[in-house]
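Colleague: Structure file structure.cif, mmCIF, C-alpha atoms, is pasted below:
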data_run
#
loop_
_atom_site.label_atom_id
_atom_site.label_comp_id
_atom_site.auth_asym_id
_atom_site.auth_seq_id
_atom_site.Cartn_x
_atom_site.Cartn_y
_atom_site.Cartn_z
CA ALA K 11 271.93 -7.16 89.71
CA GLN K 12 268.78 -9.12 90.21
CA LYS K 13 266.76 -8.39 93.31
CA ILE K 14 263.33 -9.33 94.61
CA THR K 15 261.68 -7.30 97.37
CA GLN K 16 258.70 -8.38 99.43
CA THR K 17 257.83 -5.58 101.82
CA GLN K 18 255.16 -7.36 103.88
CA PRO K 19 256.75 -9.63 106.49
CA GLY K 20 253.32 -10.75 107.68
CA MET K 21 249.67 -10.39 106.72
CA PHE K 22 246.47 -11.32 108.50
CA VAL K 23 243.29 -11.82 106.50
CA GLN K 24 239.78 -13.04 107.28
CA GLU K 25 238.71 -16.26 105.62
CA LYS K 26 236.95 -15.78 102.25
CA GLU K 27 238.49 -12.37 101.70
CA ALA K 28 240.83 -11.67 98.81
CA VAL K 29 244.45 -10.92 99.60
CA THR K 30 247.26 -9.29 97.65
CA LEU K 31 250.89 -10.10 98.38
CA ASP K 32 253.34 -7.52 97.08
CA CYS K 33 256.46 -8.22 95.06
CA THR K 34 258.75 -5.80 93.29
CA TYR K 35 261.80 -6.75 91.31
CA ASP K 36 264.88 -5.18 89.85
CA THR K 37 266.63 -6.40 86.74
CA SER K 38 268.20 -5.00 83.61
CA ASP K 39 267.32 -8.09 81.61
CA GLN K 40 264.65 -7.92 78.93
CA SER K 41 263.71 -11.58 79.22
CA TYR K 42 262.85 -12.99 82.62
CA GLY K 43 260.30 -15.07 84.45
CA LEU K 44 258.49 -14.38 87.71
CA PHE K 45 257.29 -17.13 90.02
CA TRP K 46 255.37 -17.48 93.24
CA TYR K 47 255.89 -20.33 95.65
CA LYS K 48 254.03 -21.36 98.78
CA GLN K 49 255.74 -22.89 101.79
CA PRO K 50 253.35 -24.38 104.36
CA SER K 51 254.46 -25.15 107.88
CA SER K 52 255.54 -28.61 106.75
CA GLY K 53 258.37 -26.91 104.86
CA GLU K 54 258.02 -28.04 101.26
CA MET K 55 258.13 -25.51 98.43
CA ILE K 56 255.06 -25.55 96.20
CA PHE K 57 254.99 -23.78 92.84
CA LEU K 58 251.87 -21.63 92.38
CA ILE K 59 252.07 -19.44 89.28
CA TYR K 60 254.38 -18.11 86.57
CA GLN K 61 254.50 -14.88 84.54
CA GLY K 62 256.86 -14.28 81.63
CA SER K 63 258.23 -10.81 80.97
CA TYR K 64 256.78 -10.81 77.46
CA ASP K 65 253.37 -12.11 78.48
CA GLU K 66 250.78 -9.42 77.84
CA GLN K 67 248.07 -10.99 79.94
CA ASN K 68 248.22 -11.58 83.66
CA ALA K 69 248.69 -15.22 84.60
CA THR K 70 245.91 -17.05 86.43
CA GLU K 71 245.80 -20.47 88.08
CA GLY K 72 242.56 -21.25 89.85
CA ARG K 73 242.24 -18.88 92.82
CA TYR K 74 245.68 -17.41 92.14
CA SER K 75 246.38 -14.57 89.78
CA LEU K 76 249.43 -12.49 89.18
CA ASN K 77 249.02 -8.73 88.80
CA PHE K 78 251.95 -7.96 86.50
CA GLN K 79 252.86 -4.30 86.02
CA LYS K 80 256.03 -4.30 83.96
CA ALA K 81 256.67 -0.57 83.98
CA ARG K 82 256.46 -0.51 87.77
CA LYS K 83 258.42 -3.77 88.03
CA SER K 84 255.84 -5.36 90.24
CA ALA K 85 254.38 -8.87 90.25
CA ASN K 86 251.82 -9.07 93.02
CA LEU K 87 250.06 -12.32 93.87
CA VAL K 88 246.31 -12.15 94.35
CA ILE K 89 244.51 -14.95 96.15
CA SER K 90 240.76 -14.81 95.81
CA ALA K 91 238.36 -16.23 98.41
CA SER K 92 241.09 -17.12 100.88
CA GLN K 93 240.89 -20.41 102.79
CA LEU K 94 242.39 -21.55 106.08
CA GLY K 95 244.75 -23.78 104.12
CA ASP K 96 246.26 -20.72 102.47
CA SER K 97 248.09 -19.89 105.71
CA ALA K 98 251.75 -20.24 104.79
CA MET K 99 254.90 -18.40 103.74
CA TYR K 100 254.79 -17.05 100.21
CA PHE K 101 257.87 -16.34 98.15
CA CYS K 102 258.25 -14.33 94.98
CA ALA K 103 261.12 -15.33 92.69
CA MET K 104 262.69 -14.20 89.43
CA ARG K 105 264.63 -16.15 86.86
CA SER K 106 266.73 -14.46 84.23
CA LEU K 107 269.77 -15.05 82.07
CA ILE K 108 273.01 -13.74 83.53
CA GLN K 109 276.09 -14.06 81.33
CA GLY K 110 274.83 -17.24 79.70
CA ALA K 111 273.50 -18.93 82.83
CA GLN K 112 270.20 -18.57 84.60
CA LYS K 113 269.85 -17.46 88.19
CA LEU K 114 266.71 -18.01 90.23
CA VAL K 115 266.53 -15.55 93.13
CA PHE K 116 263.91 -15.21 95.85
CA GLY K 117 262.50 -12.47 98.02
CA GLN K 118 262.35 -12.52 101.81
CA GLY K 119 258.86 -13.93 101.87
CA THR K 120 255.50 -12.94 103.38
CA ARG K 121 253.85 -14.97 106.11
CA LEU K 122 250.12 -15.08 105.43
CA THR K 123 247.70 -16.02 108.20
CA ILE K 124 244.06 -16.66 107.41
CA ASN K 125 241.73 -16.14 110.36
CA PRO K 126 238.43 -18.05 110.60
CA ASP J 14 260.87 -42.87 92.44
CA ALA J 15 261.15 -39.80 90.23
CA GLY J 16 261.91 -36.56 91.96
CA ILE J 17 264.56 -34.65 93.83
CA THR J 18 265.87 -35.92 97.11
CA GLN J 19 268.16 -34.45 99.71
CA SER J 20 270.12 -36.27 102.32
CA PRO J 21 270.43 -36.20 105.20
CA ARG J 22 267.21 -34.54 106.32
CA TYR J 23 268.74 -33.52 109.63
CA LYS J 24 272.37 -33.07 110.60
CA ILE J 25 274.16 -31.86 113.68
CA THR J 26 277.86 -31.17 113.32
CA GLU J 27 280.59 -29.44 115.24
CA THR J 28 282.31 -26.19 114.37
CA GLY J 29 285.27 -26.75 112.10
CA ARG J 30 284.12 -30.07 110.66
CA GLN J 31 283.57 -30.66 106.98
CA VAL J 32 280.05 -31.72 106.07
CA THR J 33 278.49 -32.59 102.72
CA LEU J 34 274.82 -32.27 101.87
CA MET J 35 273.64 -34.46 99.02
CA CYS J 36 271.13 -33.66 96.30
CA HIS J 37 269.94 -36.09 93.64
CA GLN J 38 267.37 -35.58 90.88
CA THR J 39 265.97 -38.16 88.49
CA TRP J 40 264.62 -35.89 85.74
CA SER J 41 267.95 -35.06 84.05
CA HIS J 42 267.21 -31.38 84.56
CA SER J 43 269.94 -29.08 83.31
CA TYR J 44 269.81 -26.60 86.17
CA MET J 45 270.37 -27.22 89.84
CA PHE J 46 270.44 -24.74 92.70
CA TRP J 47 271.38 -24.62 96.37
CA TYR J 48 269.67 -22.22 98.77
CA ARG J 49 269.79 -21.55 102.44
CA GLN J 50 266.70 -20.38 104.31
CA ASP J 51 267.05 -18.20 107.37
CA LEU J 52 264.44 -16.23 109.23
CA GLY J 53 264.12 -12.75 107.79
CA HIS J 54 266.22 -13.53 104.73
CA GLY J 55 264.01 -15.78 102.67
CA LEU J 56 265.88 -18.14 100.39
CA ARG J 57 269.35 -17.02 99.45
CA LEU J 58 271.16 -18.57 96.51
CA ILE J 59 274.46 -20.22 97.41
CA TYR J 60 275.52 -21.85 94.13
CA TYR J 61 273.88 -22.89 90.93
CA SER J 62 274.78 -25.10 88.01
CA ALA J 63 273.70 -24.95 84.38
CA ALA J 64 274.98 -28.42 83.48
CA ALA J 65 277.50 -31.03 84.55
CA ASP J 66 280.86 -29.41 85.27
CA ILE J 67 279.41 -25.87 85.07
CA THR J 68 278.83 -24.09 88.38
CA ASP J 69 278.51 -20.45 89.41
CA LYS J 70 278.41 -18.52 92.66
CA GLY J 71 275.18 -17.13 93.97
CA GLU J 72 274.57 -14.47 96.60
CA VAL J 73 276.22 -16.18 99.60
CA PRO J 74 278.91 -18.63 98.38
CA ASP J 75 281.58 -18.04 101.04
CA GLY J 76 282.40 -21.14 103.05
CA TYR J 77 280.72 -23.50 100.58
CA VAL J 78 281.99 -25.67 97.74
CA VAL J 79 279.98 -27.49 95.08
CA SER J 80 280.68 -29.96 92.34
CA ARG J 81 278.65 -31.48 89.56
CA SER J 82 280.40 -34.36 87.90
CA LYS J 83 277.08 -35.97 86.94
CA THR J 84 273.90 -34.25 85.80
CA GLU J 85 271.79 -35.84 88.52
CA ASN J 86 273.94 -34.99 91.54
CA PHE J 87 274.85 -31.64 93.04
CA PRO J 88 276.51 -32.01 96.46
CA LEU J 89 277.15 -29.00 98.69
CA THR J 90 280.15 -29.09 101.02
CA LEU J 91 280.80 -26.89 104.00
CA GLU J 92 284.58 -26.97 104.20
CA SER J 93 284.83 -25.91 107.84
CA ALA J 94 281.42 -25.49 109.38
CA THR J 95 280.64 -22.37 111.43
CA ARG J 96 277.68 -21.59 113.65
CA SER J 97 276.49 -18.98 111.15
CA GLN J 98 275.94 -21.82 108.68
CA THR J 99 273.21 -23.26 110.86
CA SER J 100 270.25 -23.11 108.50
CA VAL J 101 267.79 -25.06 106.40
CA TYR J 102 269.28 -25.92 103.02
CA PHE J 103 267.19 -26.50 99.93
CA CYS J 104 268.27 -28.02 96.67
CA ALA J 105 266.23 -27.40 93.50
CA SER J 106 266.34 -28.43 89.86
CA SER J 107 264.70 -27.19 86.70
CA GLU J 108 264.70 -27.57 82.96
CA ARG J 109 266.67 -25.16 80.82
CA GLN J 110 263.78 -23.01 79.64
CA LEU J 111 263.27 -19.69 81.40
CA ASN J 112 259.56 -20.32 81.83
CA THR J 113 259.90 -23.57 83.77
CA GLU J 114 259.54 -23.76 87.51
CA ALA J 115 262.11 -25.20 89.85
CA PHE J 116 261.32 -28.33 91.83
CA PHE J 117 262.58 -28.42 95.37
CA GLY J 118 263.87 -31.13 97.65
CA GLN J 119 262.45 -31.43 101.13
CA GLY J 120 265.33 -29.56 102.72
CA THR J 121 268.15 -30.40 105.12
CA ARG J 122 268.12 -28.87 108.56
CA LEU J 123 271.75 -28.34 109.56
CA THR J 124 272.81 -27.36 113.05
CA VAL J 125 276.41 -26.40 113.76
CA VAL J 126 277.29 -26.53 117.45
#
Would you give me this structure, written as structure tokens?
Modeller:
Amino acid sequence: AQKITQTQPGMFVQEKEAVTLDCTYDTSDQSYGLFWYKQPSSGEMIFLIYQGSYDEQNATEGRYSLNFQKARKSANLVISASQLGDSAMYFCAMRSLIQGAQKLVFGQGTRLTINP
Amino acid sequence: DAGITQSPRYKITETGRQVTLMCHQTWSHSYMFWYRQDLGHGLRLIYYSAAADITDKGEVPDGYVVSRSKTENFPLTLESATRSQTSVYFCASSERQLNTEAFFGQGTRLTVV
């Protein structure tokens, strides 16, 4: 079965520091996609970054990068030079093909607080 | 306007009543998903749909019913609401390809009293 685990319920980081949010996943599928979403206090879900299971290079999008370690089944999000506006909930998600249909499952989330 | 919209945004209902949450997307995306968000549980998948008339159960389907007679609509019905179904519900849609992100509605906050 598919499963996403985020072991950090909350993190506190000083502004301008880099931060790593952990994500491990479990799947028997060979082809899958990993996503990170941000949910600010206003509640909307914002897509941040995507990594495909066959991608050899780590994905990057501006200050976001995804540290993909396939053998360890981890897909950690790295935010460089954190800003106050990065304070939010962050969710890791996985999409894979299950019996002909795709599921998109999420982890429990990590609440990130950036301190000035 | 293009996008994905949920209605209502807020709903209070009584235990035992049937309530339907609406979800409409304008992109003609193949996939649509329903999640509930509860503190400590993240987003849990209730039901998903690969196309019109094709739906599958997710992680927490009990007490919910879905239908998808048209590609753009994916309503979620609570047949007999219980207090444990008090939650924030999110609908999402995406294209068929595995590498495409899902787009989310703004959520419906449902309170069952």
Colleague: Considering only C-alpha atoms, extract the chain K residues located within 10 Å of chain J and return them as a PDB file with C-alpha atoms, in the coordinates of the input.
Modeller:
ATOM      1  CA  GLN K  16     258.700  -8.380  99.430  1.00  0.00           C
ATOM      2  CA  PRO K  19     256.750  -9.630 106.490  1.00  0.00           C
ATOM      3  CA  SER K  41     263.710 -11.580  79.220  1.00  0.00           C
ATOM      4  CA  TYR K  42     262.850 -12.990  82.620  1.00  0.00           C
ATOM      5  CA  GLY K  43     260.300 -15.070  84.450  1.00  0.00           C
ATOM      6  CA  LEU K  44     258.490 -14.380  87.710  1.00  0.00           C
ATOM      7  CA  PHE K  45     257.290 -17.130  90.020  1.00  0.00           C
ATOM      8  CA  TRP K  46     255.370 -17.480  93.240  1.00  0.00           C
ATOM      9  CA  TYR K  47     255.890 -20.330  95.650  1.00  0.00           C
ATOM     10  CA  SER K  52     255.540 -28.610 106.750  1.00  0.00           C
ATOM     11  CA  GLY K  53     258.370 -26.910 104.860  1.00  0.00           C
ATOM     12  CA  GLU K  54     258.020 -28.040 101.260  1.00  0.00           C
ATOM     13  CA  MET K  55     258.130 -25.510  98.430  1.00  0.00           C
ATOM     14  CA  ILE K  56     255.060 -25.550  96.200  1.00  0.00           C
ATOM     15  CA  PHE K  57     254.990 -23.780  92.840  1.00  0.00           C
ATOM     16  CA  LEU K  58     251.870 -21.630  92.380  1.00  0.00           C
ATOM     17  CA  ILE K  59     252.070 -19.440  89.280  1.00  0.00           C
ATOM     18  CA  TYR K  60     254.380 -18.110  86.570  1.00  0.00           C
ATOM     19  CA  GLN K  61     254.500 -14.880  84.540  1.00  0.00           C
ATOM     20  CA  GLY K  62     256.860 -14.280  81.630  1.00  0.00           C
ATOM     21  CA  SER K  63     258.230 -10.810  80.970  1.00  0.00           C
ATOM     22  CA  MET K  99     254.900 -18.400 103.740  1.00  0.00           C
ATOM     23  CA  TYR K 100     254.790 -17.050 100.210  1.00  0.00           C
ATOM     24  CA  PHE K 101     257.870 -16.340  98.150  1.00  0.00           C
ATOM     25  CA  CYS K 102     258.250 -14.330  94.980  1.00  0.00           C
ATOM     26  CA  ALA K 103     261.120 -15.330  92.690  1.00  0.00           C
ATOM     27  CA  MET K 104     262.690 -14.200  89.430  1.00  0.00           C
ATOM     28  CA  ARG K 105     264.630 -16.150  86.860  1.00  0.00           C
ATOM     29  CA  SER K 106     266.730 -14.460  84.230  1.00  0.00           C
ATOM     30  CA  LEU K 107     269.770 -15.050  82.070  1.00  0.00           C
ATOM     31  CA  GLY K 110     274.830 -17.240  79.700  1.00  0.00           C
ATOM     32  CA  ALA K 111     273.500 -18.930  82.830  1.00  0.00           C
ATOM     33  CA  GLN K 112     270.200 -18.570  84.600  1.00  0.00           C
ATOM     34  CA  LYS K 113     269.850 -17.460  88.190  1.00  0.00           C
ATOM     35  CA  LEU K 114     266.710 -18.010  90.230  1.00  0.00           C
ATOM     36  CA  VAL K 115     266.530 -15.550  93.130  1.00  0.00           C
ATOM     37  CA  PHE K 116     263.910 -15.210  95.850  1.00  0.00           C
ATOM     38  CA  GLY K 117     262.500 -12.470  98.020  1.00  0.00           C
ATOM     39  CA  GLN K 118     262.350 -12.520 101.810  1.00  0.00           C
ATOM     40  CA  GLY K 119     258.860 -13.930 101.870  1.00  0.00           C
ATOM     41  CA  THR K 120     255.500 -12.940 103.380  1.00  0.00           C
TER      42      THR K 120
END
Colleague: Evaluate the PyMOL selection byres ((chain J and resi 20) around 12) on the structure here and hand back the selected residues as a list in words.
Modeller: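 With the PyMOL selection byres ((chain J and resi 20) around 12) on this model, the match is Ile17, Thr18, Gln19, Pro21, Arg22, Tyr23, Lys24, Val32, Thr33, Leu34, Met35, Cys36, His37, Gln38, Asn86, Phe87, Pro88, Leu89, Tyr102, Phe103, Cys104, Gly118, Gln119, Gly120, Thr121, Arg122 and Leu123 of chain J.
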Colleague: Evaluate the PyMOL selection byres ((chain K and resi 11) around 7) against this structure - the residues, as a PyMOL selection string, please.
Modeller: chain K and resi 12-13+37
Colleague: Could you expand the PyMOL selection byres ((chain K and resi 71-82) around 10) into the explicit residues it covers here, written as an MDAnalysis selection string?
Modeller: chainID K and resid 28:36 44:46 58:70 83:92
Colleague: Using Å and a single decimal, report how far atom CA of J:Gly76 sits from atom CA of J:Ser93.
Modeller: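 Spanning atom CA of J:Ser93 to atom CA of J:Gly76 is a straight-line distance of 7.2 Å.
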Colleague: Name all residues at most 8 Å from J:Ile25 (count only C-alpha atoms; drop same-chain ones fewer than 4 positions away) and give them as a list in words.
Modeller: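 After dropping sequence-adjacent residues, the list is Leu123, Thr124, Val125 and Val126 of chain J.
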Colleague: Between atom CA of K:Gln93 and atom CA of K:Gly20, measure the distance and give it in Å to one decimal.
Modeller: 16.5 Å
Colleague: Provide the atom CA of J:Arg81 to atom CA of J:Gly29 distance in Å, to one decimal place.
Modeller: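 Distance reported for this atom pair: 24.0 Å.
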Colleague: Got a sec: who's within 8 Å of J:Val78, counting only C-alpha atoms, leaving out chain neighbours fewer than 5 positions off, as a PyMOL selection string?
Modeller: chain J and resi 89-92
